>>> print(open('work-v6.cif').read())   # mmCIF, C-alpha atoms and all ligand atoms
data_structure
loop_
_atom_site.label_atom_id
_atom_site.label_comp_id
_atom_site.auth_asym_id
_atom_site.auth_seq_id
_atom_site.Cartn_x
_atom_site.Cartn_y
_atom_site.Cartn_z
CA MET A 1 13.97 24.72 12.21
CA THR A 2 10.26 25.47 12.03
CA THR A 3 7.58 23.95 14.23
CA HIS A 4 4.32 23.25 12.39
CA THR A 5 1.37 22.90 14.76
CA THR A 6 -2.01 21.50 13.77
CA ARG A 7 -5.01 19.79 15.25
CA MET A 8 -4.56 16.93 12.77
CA LEU A 9 -1.19 15.70 11.58
CA ILE A 10 -1.28 13.21 8.72
CA ILE A 11 1.77 11.24 7.63
CA GLY A 12 1.43 10.05 4.04
CA SER A 13 -0.16 11.47 0.90
CA GLY A 14 -1.66 8.41 -0.79
CA PRO A 15 -5.43 7.84 -1.10
CA ALA A 16 -5.71 7.13 2.67
CA GLY A 17 -3.87 10.25 3.85
CA LEU A 18 -5.53 12.56 1.32
CA THR A 19 -9.02 11.26 2.08
CA ALA A 20 -8.38 11.72 5.81
CA ALA A 21 -7.25 15.26 4.94
CA ILE A 22 -10.40 16.04 2.91
CA TYR A 23 -12.66 14.92 5.75
CA GLY A 24 -10.43 16.49 8.42
CA ALA A 25 -10.29 19.85 6.66
CA ARG A 26 -14.04 19.93 6.14
CA ALA A 27 -14.44 19.22 9.88
CA GLY A 28 -12.28 22.25 10.68
CA MET A 29 -9.23 20.30 11.88
CA GLU A 30 -6.87 22.29 9.58
CA PRO A 31 -4.80 19.22 8.68
CA ILE A 32 -1.18 19.15 7.69
CA VAL A 33 -0.14 16.33 5.36
CA VAL A 34 3.53 15.38 5.35
CA GLN A 35 3.93 13.86 1.93
CA GLY A 36 6.99 11.63 2.17
CA LEU A 37 9.22 10.39 -0.61
CA GLN A 38 6.32 9.34 -2.82
CA PRO A 39 3.85 12.24 -2.98
CA GLY A 40 0.53 10.74 -4.04
CA GLY A 41 1.59 7.23 -3.01
CA GLN A 42 1.65 3.97 -4.95
CA LEU A 43 -0.86 4.99 -7.62
CA THR A 44 1.68 7.46 -8.95
CA ILE A 45 3.76 4.53 -10.20
CA THR A 46 1.00 3.01 -12.26
CA THR A 47 -0.73 4.10 -15.45
CA ASP A 48 -4.29 2.97 -16.11
CA VAL A 49 -6.71 2.79 -13.18
CA GLU A 50 -10.03 1.22 -14.11
CA ASN A 51 -11.53 0.28 -10.77
CA TYR A 52 -11.73 3.52 -8.84
CA PRO A 53 -15.45 4.34 -8.68
CA GLY A 54 -16.81 7.37 -10.45
CA PHE A 55 -14.94 7.23 -13.75
CA ARG A 56 -16.40 5.43 -16.73
CA ASP A 57 -13.31 6.01 -18.85
CA VAL A 58 -9.82 4.78 -17.95
CA ILE A 59 -8.01 7.26 -15.73
CA GLN A 60 -4.34 7.59 -14.92
CA GLY A 61 -3.05 6.89 -11.40
CA PRO A 62 -0.91 10.06 -11.17
CA TRP A 63 -3.84 12.18 -12.42
CA LEU A 64 -6.20 10.68 -9.81
CA MET A 65 -3.75 11.51 -7.05
CA GLN A 66 -3.28 15.08 -8.32
CA GLU A 67 -7.03 15.52 -8.20
CA MET A 68 -7.24 14.12 -4.66
CA GLN A 69 -4.48 16.49 -3.56
CA ALA A 70 -6.17 19.46 -5.26
CA GLN A 71 -9.42 18.62 -3.47
CA ALA A 72 -7.64 18.30 -0.11
CA GLU A 73 -5.92 21.67 -0.60
CA HIS A 74 -9.11 23.30 -1.83
CA VAL A 75 -10.84 22.53 1.47
CA GLY A 76 -7.94 23.81 3.56
CA THR A 77 -5.22 21.12 3.87
CA ARG A 78 -1.60 22.23 4.09
CA MET A 79 0.63 19.88 2.08
CA LEU A 80 4.24 19.87 3.25
CA TRP A 81 7.17 18.35 1.43
CA ASP A 82 9.06 16.40 4.06
CA THR A 83 9.61 12.86 5.31
CA ILE A 84 9.04 11.95 8.92
CA THR A 85 12.10 10.34 10.47
CA GLU A 86 11.09 10.15 14.13
CA VAL A 87 7.87 10.16 16.15
CA ASP A 88 7.36 10.56 19.88
CA LEU A 89 4.26 8.65 20.92
CA ASP A 90 5.20 8.33 24.59
CA HIS A 91 4.09 11.85 25.36
CA GLY A 92 0.81 13.14 24.05
CA PRO A 93 -1.56 14.14 22.75
CA PRO A 94 -0.34 16.37 21.26
CA TYR A 95 2.11 14.12 19.43
CA ARG A 96 5.43 15.26 18.01
CA ALA A 97 7.24 14.16 14.88
CA LYS A 98 10.50 15.21 13.27
CA GLY A 99 11.07 15.63 9.57
CA ASP A 100 14.07 14.97 7.40
CA SER A 101 14.24 18.75 6.84
CA GLY A 102 14.83 19.31 10.56
CA ASP A 103 11.32 20.74 11.01
CA GLU A 104 9.12 19.61 13.87
CA TYR A 105 5.44 18.70 13.57
CA VAL A 106 2.97 18.78 16.44
CA GLY A 107 -0.56 17.37 16.11
CA ASP A 108 -3.38 16.96 18.62
CA VAL A 109 -4.17 13.82 16.67
CA LEU A 110 -1.89 11.79 14.45
CA VAL A 111 -3.11 9.90 11.37
CA ILE A 112 -0.67 7.35 10.00
CA ALA A 113 -1.15 6.66 6.29
CA THR A 114 2.34 5.56 5.27
CA GLY A 115 1.12 2.72 3.07
CA ALA A 116 2.87 -0.48 2.08
CA GLN A 117 5.23 -1.13 -0.74
CA ALA A 118 5.26 -4.25 -2.87
CA LYS A 119 8.55 -6.03 -2.56
CA TRP A 120 10.47 -6.40 -5.80
CA LEU A 121 13.08 -8.95 -6.86
CA GLY A 122 15.68 -6.33 -7.72
CA VAL A 123 16.93 -8.14 -10.83
CA PRO A 124 17.77 -6.63 -14.26
CA GLY A 125 14.84 -5.53 -16.42
CA GLU A 126 12.33 -5.43 -13.56
CA GLN A 127 12.34 -1.68 -13.06
CA GLU A 128 12.71 -0.81 -16.76
CA LEU A 129 9.73 -3.03 -17.72
CA GLY A 130 7.52 -1.90 -14.82
CA GLY A 131 4.08 -1.09 -16.29
CA LYS A 132 5.26 -2.60 -19.59
CA GLY A 133 4.61 -6.22 -18.76
CA VAL A 134 5.90 -6.29 -15.19
CA SER A 135 3.44 -5.57 -12.39
CA ALA A 136 2.91 -6.20 -8.69
CA CYS A 137 -0.87 -6.01 -8.69
CA ALA A 138 -3.07 -8.50 -10.56
CA THR A 139 -6.33 -6.83 -9.50
CA CYS A 140 -5.04 -3.60 -11.01
CA ASP A 141 -3.38 -4.84 -14.19
CA GLY A 142 -4.77 -8.34 -14.84
CA PHE A 143 -7.39 -6.98 -17.22
CA PHE A 144 -4.66 -5.99 -19.69
CA TYR A 145 -3.70 -9.65 -20.16
CA ARG A 146 -6.99 -10.88 -21.57
CA GLY A 147 -6.16 -13.75 -23.94
CA LYS A 148 -2.45 -13.64 -23.07
CA THR A 149 0.02 -15.71 -21.05
CA VAL A 150 1.32 -14.57 -17.68
CA ALA A 151 3.71 -15.64 -14.94
CA VAL A 152 3.29 -15.05 -11.23
CA ILE A 153 6.42 -15.09 -9.08
CA GLY A 154 6.13 -16.12 -5.43
CA GLY A 155 4.78 -18.93 -3.26
CA GLY A 156 2.68 -17.27 -0.57
CA ASN A 157 -1.02 -16.51 -0.28
CA THR A 158 -0.65 -13.38 -2.39
CA ALA A 159 1.02 -15.22 -5.28
CA VAL A 160 -1.61 -17.97 -5.28
CA GLU A 161 -4.48 -15.50 -5.05
CA GLU A 162 -2.97 -13.44 -7.86
CA ALA A 163 -2.58 -16.56 -10.03
CA LEU A 164 -6.19 -17.59 -9.41
CA TYR A 165 -7.42 -14.07 -10.13
CA LEU A 166 -5.45 -13.92 -13.38
CA THR A 167 -7.23 -17.01 -14.72
CA HIS A 168 -10.24 -14.72 -15.27
CA HIS A 169 -8.22 -12.88 -17.92
CA ALA A 170 -5.20 -14.82 -19.17
CA THR A 171 -5.26 -18.02 -21.24
CA GLU A 172 -2.41 -19.56 -19.26
CA VAL A 173 -0.99 -18.71 -15.84
CA THR A 174 2.34 -20.09 -14.63
CA LEU A 175 3.30 -19.79 -10.99
CA ILE A 176 7.07 -19.64 -10.62
CA HIS A 177 8.43 -20.42 -7.16
CA ARG A 178 11.97 -20.60 -5.85
CA ARG A 179 11.36 -23.75 -3.75
CA ASP A 180 9.49 -27.04 -4.19
CA GLU A 181 6.66 -26.23 -1.81
CA LEU A 182 4.36 -23.29 -1.36
CA ARG A 183 3.82 -21.42 1.86
CA ALA A 184 0.28 -20.49 0.87
CA GLU A 185 -2.64 -21.92 2.85
CA LYS A 186 -3.67 -25.44 1.88
CA ILE A 187 -7.11 -24.42 0.70
CA LEU A 188 -5.56 -21.96 -1.74
CA GLN A 189 -3.00 -24.53 -2.87
CA ASP A 190 -5.80 -27.03 -3.54
CA ARG A 191 -7.59 -24.50 -5.73
CA LEU A 192 -4.36 -23.65 -7.53
CA PHE A 193 -3.40 -27.25 -8.32
CA ALA A 194 -6.93 -28.07 -9.46
CA HIS A 195 -7.17 -25.16 -11.87
CA PRO A 196 -6.85 -26.22 -15.52
CA LYS A 197 -5.33 -22.92 -16.63
CA ILE A 198 -2.53 -22.94 -14.02
CA LYS A 199 0.77 -24.76 -14.02
CA VAL A 200 3.62 -24.46 -11.52
CA LEU A 201 7.34 -24.24 -12.19
CA TRP A 202 9.24 -25.35 -9.07
CA ASN A 203 12.74 -24.42 -7.88
CA GLN A 204 13.13 -21.57 -10.31
CA HIS A 205 14.92 -18.31 -9.62
CA VAL A 206 14.10 -15.35 -11.85
CA ASP A 207 17.41 -13.81 -12.89
CA GLU A 208 16.17 -11.25 -15.39
CA PHE A 209 13.04 -9.80 -17.03
CA LEU A 210 13.53 -9.85 -20.80
CA GLY A 211 12.14 -7.44 -23.38
CA ASP A 212 12.44 -3.92 -24.70
CA PRO A 213 10.60 -1.22 -22.72
CA MET A 214 10.44 0.96 -25.85
CA ALA A 215 9.20 -1.78 -28.19
CA GLY A 216 6.58 -4.28 -27.09
CA GLY A 217 7.59 -4.58 -23.43
CA LEU A 218 8.12 -7.89 -21.66
CA THR A 219 8.78 -11.00 -23.74
CA GLY A 220 9.86 -13.45 -21.06
CA LEU A 221 11.99 -14.35 -18.07
CA LYS A 222 15.46 -15.74 -17.67
CA LEU A 223 15.35 -18.54 -15.10
CA THR A 224 17.86 -20.65 -13.22
CA ASP A 225 16.91 -24.02 -11.76
CA ALA A 226 17.84 -23.98 -8.06
CA VAL A 227 18.53 -27.75 -8.07
CA THR A 228 20.31 -28.38 -11.37
CA GLY A 229 21.74 -24.91 -12.01
CA GLU A 230 20.39 -25.06 -15.58
CA THR A 231 19.29 -21.78 -17.13
CA SER A 232 16.28 -21.36 -19.42
CA THR A 233 14.07 -18.74 -21.00
CA PHE A 234 10.37 -18.67 -20.16
CA THR A 235 8.16 -16.85 -22.66
CA CYS A 236 5.23 -14.79 -21.39
CA ASP A 237 3.35 -11.54 -22.04
CA GLY A 238 3.09 -10.45 -18.43
CA ALA A 239 4.83 -11.15 -15.12
CA PHE A 240 3.41 -10.42 -11.69
CA VAL A 241 5.85 -10.17 -8.83
CA ALA A 242 4.02 -11.38 -5.71
CA ILE A 243 6.70 -11.92 -3.11
CA GLY A 244 5.02 -9.97 -0.33
CA HIS A 245 4.33 -6.41 0.71
CA ALA A 246 6.24 -4.48 3.29
CA PRO A 247 4.18 -2.04 5.36
CA ALA A 248 5.96 1.25 6.01
CA THR A 249 5.96 0.88 9.79
CA ALA A 250 9.65 1.08 10.70
CA LEU A 251 9.00 4.46 12.36
CA PHE A 252 6.47 2.95 14.72
CA LYS A 253 8.28 -0.25 15.71
CA GLY A 254 7.91 -0.84 19.45
CA LYS A 255 5.65 2.23 19.71
CA LEU A 256 2.42 0.88 18.27
CA GLU A 257 0.94 -2.59 18.13
CA THR A 258 1.74 -4.43 14.91
CA ASP A 259 0.80 -7.90 13.65
CA ASP A 260 3.28 -10.64 12.72
CA SER A 261 3.77 -9.12 9.25
CA GLY A 262 4.46 -5.64 10.64
CA TYR A 263 1.07 -4.06 9.78
CA LEU A 264 -0.39 -1.63 12.32
CA VAL A 265 -3.19 -3.15 14.35
CA VAL A 266 -6.40 -1.15 14.74
CA GLU A 267 -9.45 -1.79 16.89
CA PRO A 268 -11.81 -3.77 14.62
CA GLY A 269 -14.26 -1.57 12.74
CA THR A 270 -12.29 1.61 13.55
CA ALA A 271 -9.02 3.31 12.65
CA LYS A 272 -7.89 3.49 16.30
CA THR A 273 -4.44 2.18 17.17
CA ASN A 274 -3.53 1.20 20.72
CA ARG A 275 -2.51 4.84 21.49
CA PRO A 276 -5.27 7.37 22.15
CA GLY A 277 -5.40 9.96 19.39
CA VAL A 278 -3.25 7.94 16.98
CA PHE A 279 -5.12 6.54 13.99
CA ALA A 280 -4.02 4.36 11.08
CA CYS A 281 -5.56 3.98 7.65
CA GLY A 282 -4.85 2.47 4.24
CA ASP A 283 -2.35 -0.20 3.30
CA VAL A 284 -0.30 0.36 6.46
CA MET A 285 -3.07 -1.35 8.46
CA ASP A 286 -4.58 -3.58 5.76
CA HIS A 287 -2.76 -6.59 4.35
CA THR A 288 -5.91 -8.07 2.86
CA TYR A 289 -7.51 -5.64 0.41
CA ARG A 290 -4.75 -3.13 -0.46
CA GLN A 291 -6.77 -1.10 -2.97
CA ALA A 292 -7.05 2.64 -3.51
CA VAL A 293 -10.74 2.64 -2.70
CA THR A 294 -10.31 0.73 0.57
CA ALA A 295 -7.41 3.02 1.52
CA ALA A 296 -9.65 6.03 0.88
CA GLY A 297 -12.45 4.39 2.87
CA THR A 298 -10.28 3.81 5.94
CA GLY A 299 -8.86 7.34 5.53
CA CYS A 300 -12.41 8.61 5.94
CA MET A 301 -12.82 6.42 9.03
CA ALA A 302 -9.59 7.78 10.53
CA ALA A 303 -10.77 11.38 10.09
CA LEU A 304 -14.19 10.68 11.61
CA ASP A 305 -12.60 8.83 14.55
CA ALA A 306 -10.11 11.70 14.95
CA GLU A 307 -12.88 14.29 14.94
CA ARG A 308 -14.72 12.48 17.76
CA PHE A 309 -11.50 12.06 19.72
CA LEU A 310 -10.68 15.77 19.38
CA ALA A 311 -14.15 16.81 20.47
CA THR A 312 -13.72 14.81 23.69
CA LEU A 313 -10.15 16.07 24.18
CA GLU A 314 -11.18 19.69 23.74
CA TYR A 315 -14.16 19.23 26.09
CA VAL A 316 -11.83 17.82 28.78
CA ARG A 317 -9.31 20.64 28.23
CA ASN A 318 -12.10 23.25 28.60
CA GLU A 319 -13.35 21.62 31.80
CA GLU A 320 -9.82 21.62 33.21
CA ALA A 321 -9.30 25.26 32.24
CA GLN A 322 -12.57 26.27 33.90
CA ALA A 323 -11.72 24.31 37.06
CA ALA A 324 -8.33 26.05 37.21
CA GLU A 325 -9.87 29.56 36.99
P1 LIG B 1 0.28 4.62 -0.38
O1 LIG B 1 -0.39 4.90 -1.66
O2 LIG B 1 1.33 3.57 -0.32
O3 LIG B 1 0.89 6.01 0.15
C1 LIG B 1 1.76 6.03 1.23
C2 LIG B 1 2.19 7.47 1.43
O4 LIG B 1 2.95 7.54 2.65
C3 LIG B 1 3.11 8.01 0.33
O5 LIG B 1 2.71 9.32 0.02
C4 LIG B 1 4.50 8.06 1.00
O6 LIG B 1 5.31 9.09 0.48
C5 LIG B 1 4.07 8.35 2.43
N1 LIG B 1 5.07 8.01 3.45
C6 LIG B 1 5.63 6.79 3.71
N2 LIG B 1 6.53 6.92 4.71
C7 LIG B 1 6.52 8.23 5.08
C8 LIG B 1 7.24 8.99 6.04
N3 LIG B 1 8.15 8.42 6.84
N4 LIG B 1 7.01 10.33 6.14
C9 LIG B 1 6.07 10.92 5.34
N5 LIG B 1 5.36 10.25 4.42
C10 LIG B 1 5.60 8.92 4.29
N6 LIG B 1 -5.28 0.03 -6.33
C11 LIG B 1 -6.45 0.20 -6.98
O7 LIG B 1 -7.49 0.34 -6.33
N7 LIG B 1 -6.50 0.22 -8.34
C12 LIG B 1 -5.42 0.10 -9.13
O8 LIG B 1 -5.52 0.11 -10.36
C13 LIG B 1 -4.16 -0.04 -8.48
N8 LIG B 1 -3.03 -0.13 -9.21
C14 LIG B 1 -1.84 -0.27 -8.57
C15 LIG B 1 -0.69 -0.38 -9.33
C16 LIG B 1 0.52 -0.52 -8.73
C17 LIG B 1 1.76 -0.63 -9.58
C18 LIG B 1 0.62 -0.55 -7.30
C19 LIG B 1 1.95 -0.68 -6.62
C20 LIG B 1 -0.53 -0.48 -6.53
C21 LIG B 1 -1.77 -0.34 -7.15
N9 LIG B 1 -2.94 -0.26 -6.42
C22 LIG B 1 -4.13 -0.08 -7.06
C23 LIG B 1 -2.93 -0.31 -4.95
C24 LIG B 1 -3.07 1.11 -4.39
O9 LIG B 1 -2.11 1.93 -5.00
C25 LIG B 1 -2.84 1.10 -2.88
O10 LIG B 1 -3.77 0.24 -2.28
C26 LIG B 1 -3.06 2.51 -2.30
O11 LIG B 1 -2.20 3.42 -2.92
C27 LIG B 1 -2.79 2.52 -0.80
O12 LIG B 1 -2.96 3.83 -0.37
P2 LIG B 1 -2.30 4.36 0.98
O13 LIG B 1 -2.68 5.78 1.06
O14 LIG B 1 -2.62 3.47 2.10
O15 LIG B 1 -0.72 4.22 0.79
P1 LIG B 2 4.62 -14.16 2.13
O1 LIG B 2 3.70 -15.06 2.85
O2 LIG B 2 5.76 -13.55 2.87
O3 LIG B 2 5.17 -14.99 0.89
C1 LIG B 2 6.11 -14.44 0.06
C2 LIG B 2 6.48 -15.50 -0.97
O4 LIG B 2 7.37 -14.91 -1.88
C3 LIG B 2 7.13 -16.73 -0.36
O5 LIG B 2 6.68 -17.88 -1.00
C4 LIG B 2 8.60 -16.48 -0.64
O6 LIG B 2 9.33 -17.65 -0.90
C5 LIG B 2 8.56 -15.68 -1.91
N1 LIG B 2 9.69 -14.79 -1.97
C6 LIG B 2 10.04 -13.84 -1.07
N2 LIG B 2 11.14 -13.18 -1.48
C7 LIG B 2 11.48 -13.75 -2.67
C8 LIG B 2 12.53 -13.51 -3.58
N3 LIG B 2 13.43 -12.57 -3.38
N4 LIG B 2 12.59 -14.27 -4.70
C9 LIG B 2 11.66 -15.23 -4.95
N5 LIG B 2 10.64 -15.49 -4.10
C10 LIG B 2 10.56 -14.76 -2.99
O7 LIG B 2 3.86 -12.91 1.45
P2 LIG B 2 2.35 -12.79 0.96
O8 LIG B 2 1.98 -13.95 0.16
O9 LIG B 2 2.22 -11.44 0.35
O10 LIG B 2 1.55 -12.79 2.32
C11 LIG B 2 1.85 -11.82 3.33
C12 LIG B 2 0.91 -11.99 4.50
O11 LIG B 2 -0.41 -11.65 4.10
C13 LIG B 2 0.87 -13.42 4.99
O12 LIG B 2 0.68 -13.40 6.37
C14 LIG B 2 -0.33 -13.98 4.30
O13 LIG B 2 -0.95 -15.04 5.00
C15 LIG B 2 -1.26 -12.76 4.29
N6 LIG B 2 -2.20 -12.88 3.19
C16 LIG B 2 -3.35 -13.53 3.45
C17 LIG B 2 -4.27 -13.69 2.45
C18 LIG B 2 -5.51 -14.42 2.77
O14 LIG B 2 -5.76 -14.70 3.93
N7 LIG B 2 -6.34 -14.73 1.78
C19 LIG B 2 -4.01 -13.24 1.17
C20 LIG B 2 -2.81 -12.60 0.93
C21 LIG B 2 -1.90 -12.43 1.95
P3 LIG B 2 9.66 -18.73 0.26
O15 LIG B 2 8.38 -19.46 0.49
O16 LIG B 2 10.73 -19.55 -0.34
O17 LIG B 2 10.12 -17.93 1.45
#
>>> encode(input="work-v6.cif", output="structure tokens")
Amino acid sequence: MTTHTTRMLIIGSGPAGLTAAIYGARAGMEPIVVQGLQPGGQLTITTDVENYPGFRDVIQGPWLMQEMQAQAEHVGTRMLWDTITEVDLDHGPPYRAKGDSGDEYVGDVLVIATGAQAKWLGVPGEQELGGKGVSACATCDGFFYRGKTVAVIGGGNTAVEEALYLTHHATEVTLIHRRDELRAEKILQDRLFAHPKIKVLWNQHVDEFLGDPMAGGLTGLKLTDAVTGETSTFTCDGAFVAIGHAPATALFKGKLETDDSGYLVVEPGTAKTNRPGVFACGDVMDHTYRQAVTAAGTGCMAALDAERFLATLEYVRNEEAQAAE
């Protein structure tokens, strides 16, 4: 077992964690990034990224994340291949974390950038057709359905917002929900029902995503009516699964303040959690925007907040050391 000690320990290597690392390294905090099971984060599972500022041409998600990592390493970040399985936030700073490898990590400040994962239905065809007609992010992929027909699966705020957003691109948007009422806010429902491009299919379970990943991608969905039990095939060019996001906060349950959906709560306008020296950034603390650029932005905030916290901590430690002499 090795103990890795740093002034700045970052959990997560998506845009939030890597941006925190770039700023932290440039501020001399010699950050360690523990990468987790998905090095580079969610953008590594997509292809075209067209909305990250600075690139006129279409870039690839995995390439963008490689570049962010290269930049973080270039300025002095240590990237470590491990997954944190336990954190001790009761004692500290410094804070301690344990990795799957058995290694221990100690950081004067802790930056949590573990992200959030879109929930998937887990039915046949979904994984195979991911990026080939099946998506979980309309803002990211909606543009590819200009002039085409799409389905959105879900009945919450996200599904309704995704459906409304997709009307800017698609000719026809069908919201498919498993019950006969939506849980989305009324104001969103009103907009949905009033929209001429949107129709709703009620009481429908999606049993399978149809199509050939190697030839043309998604062609439609196999549905079962929850009331009658009848099965049918729904034809569409794209399908957006919008059944919620799960923030990766299991590690911090009962240790840090979370909201009703499990997202870490930060002091408004900062990246500060309710523990001194513990900061959160990116999708793990943001259920509203959930974009690479906002994750990077809050990663920057976490590093700047951490730098100020460390300066105070080190000042206090120096004073104490002098008083003890
Ligand atoms: P994530 O990217 O989710 O990264 C989380 C990191 O935490 C990962 O590295 C993971 O390994 C690590 N981690 C988790 N748990 C642990 C642990 N216990 N120990 C160590 N590490 C851990 N946004 C855009 O702006 N434009 C797009 O075009 C776009 N396309 C998308 C396409 C898809 C298919 C998806 C799913 C999302 C897309 N997004 C897009 C959203 C964007 O990817 C996210 O908003 C962004 O990645 C969030 O960054 P993050 O750093 O907060 O978290
Ligand atoms: P959500 O509110 O949990 O809704 C998820 C929806 O997906 C529900 O309608 C649910 O159906 C459906 N669903 C879940 N699992 C399913 C499955 N296996 N098969 C089929 N359908 C399934 O999630 P969300 O819409 O992502 O919202 C999450 C949180 O973020 C909420 O608190 C929401 O208010 C908030 N949010 C707010 C805004 C906003 O303020 N503008 C925007 C987006 C999100 P049932 O209804 O049958 O359970």
>>> residues_around(input="work-v6.cif", residues="stretch 122-137 of chain A", least_positions_apart="6", cutoff="8 Å", atoms="only C-alpha atoms", output="JSON, numbers by chain")
{"A": [46, 47, 162, 206, 207, 208, 209, 210, 211, 212, 213, 216, 217, 218, 237, 238, 239, 240, 241, 242]}
>>> closest_residue(input="work-v6.cif", among="A:Val278, A:Ala292, A:Ile32, A:Leu182", to="ligand LIG 2 (chain B)", atoms="only C-alpha atoms and all ligand atoms")
A:Leu182
>>> closest_residue(input="work-v6.cif", among="A:Met8, A:Ala116, A:Leu313, A:Met1", to="A:Gly41", atoms="only C-alpha atoms")
A:Ala116
>>> closest_residue(input="work-v6.cif", among="A:Arg146, A:His91, A:Lys253, A:Arg96", to="A:Pro276", atoms="only C-alpha atoms")
A:His91
>>> closest_atom_pairs(input="work-v6.cif", of="chain A", to="ligand LIG 1 (chain B)", cutoff="6 Å", atoms="all atoms listed in the file", output="Markdown table")
| residue | atom | partner | partner_atom | distance |
| --- | --- | --- | --- | --- |
| A:Ile11 | CA | B:LIG1 | C9 | 4.9 |
| A:Gly12 | CA | B:LIG1 | O4 | 3.2 |
| A:Ser13 | CA | B:LIG1 | O5 | 3.7 |
| A:Gly14 | CA | B:LIG1 | O13 | 3.4 |
| A:Pro15 | CA | B:LIG1 | O13 | 4.1 |
| A:Ala16 | CA | B:LIG1 | O13 | 3.7 |
| A:Gly17 | CA | B:LIG1 | O13 | 5.4 |
| A:Val34 | CA | B:LIG1 | C9 | 5.1 |
| A:Gln35 | CA | B:LIG1 | N5 | 4.6 |
| A:Gly36 | CA | B:LIG1 | N5 | 3.1 |
| A:Leu37 | CA | B:LIG1 | O6 | 4.3 |
| A:Gln38 | CA | B:LIG1 | O6 | 3.5 |
| A:Pro39 | CA | B:LIG1 | O5 | 4.3 |
| A:Gly40 | CA | B:LIG1 | O5 | 4.8 |
| A:Gly41 | CA | B:LIG1 | O1 | 3.3 |
| A:Gln42 | CA | B:LIG1 | O1 | 4.0 |
| A:Leu43 | CA | B:LIG1 | O9 | 4.2 |
| A:Ile45 | CA | B:LIG1 | C17 | 5.6 |
| A:Thr46 | CA | B:LIG1 | C17 | 4.6 |
| A:Val49 | CA | B:LIG1 | O8 | 4.1 |
| A:Glu50 | CA | B:LIG1 | O8 | 6.0 |
| A:Asn51 | CA | B:LIG1 | N7 | 5.6 |
| A:Tyr52 | CA | B:LIG1 | O7 | 5.9 |
| A:Thr83 | CA | B:LIG1 | N4 | 3.7 |
| A:Ile84 | CA | B:LIG1 | N4 | 3.8 |
| A:Thr85 | CA | B:LIG1 | N3 | 5.7 |
| A:Ala113 | CA | B:LIG1 | O14 | 5.5 |
| A:Thr114 | CA | B:LIG1 | O4 | 3.3 |
| A:Gly115 | CA | B:LIG1 | O15 | 3.3 |
| A:Ala116 | CA | B:LIG1 | O2 | 5.0 |
| A:Ser135 | CA | B:LIG1 | C17 | 5.9 |
| A:Ala136 | CA | B:LIG1 | C17 | 5.8 |
| A:Cys137 | CA | B:LIG1 | C16 | 5.7 |
| A:Cys140 | CA | B:LIG1 | O8 | 3.8 |
| A:Ala248 | CA | B:LIG1 | N2 | 5.8 |
| A:Gly282 | CA | B:LIG1 | O14 | 3.2 |
| A:Asp283 | CA | B:LIG1 | O14 | 3.9 |
| A:Val284 | CA | B:LIG1 | O14 | 5.8 |
| A:Arg290 | CA | B:LIG1 | O10 | 4.0 |
| A:Gln291 | CA | B:LIG1 | O10 | 3.4 |
| A:Ala292 | CA | B:LIG1 | O7 | 3.7 |
| A:Val293 | CA | B:LIG1 | O7 | 5.4 |
| A:Ala295 | CA | B:LIG1 | O14 | 4.8 |
>>> closest_residue(input="work-v6.cif", among="A:Trp120, A:Tyr315, A:Phe252, A:Tyr165", to="ligand LIG 2 (chain B)", atoms="only C-alpha atoms and all ligand atoms")
A:Trp120
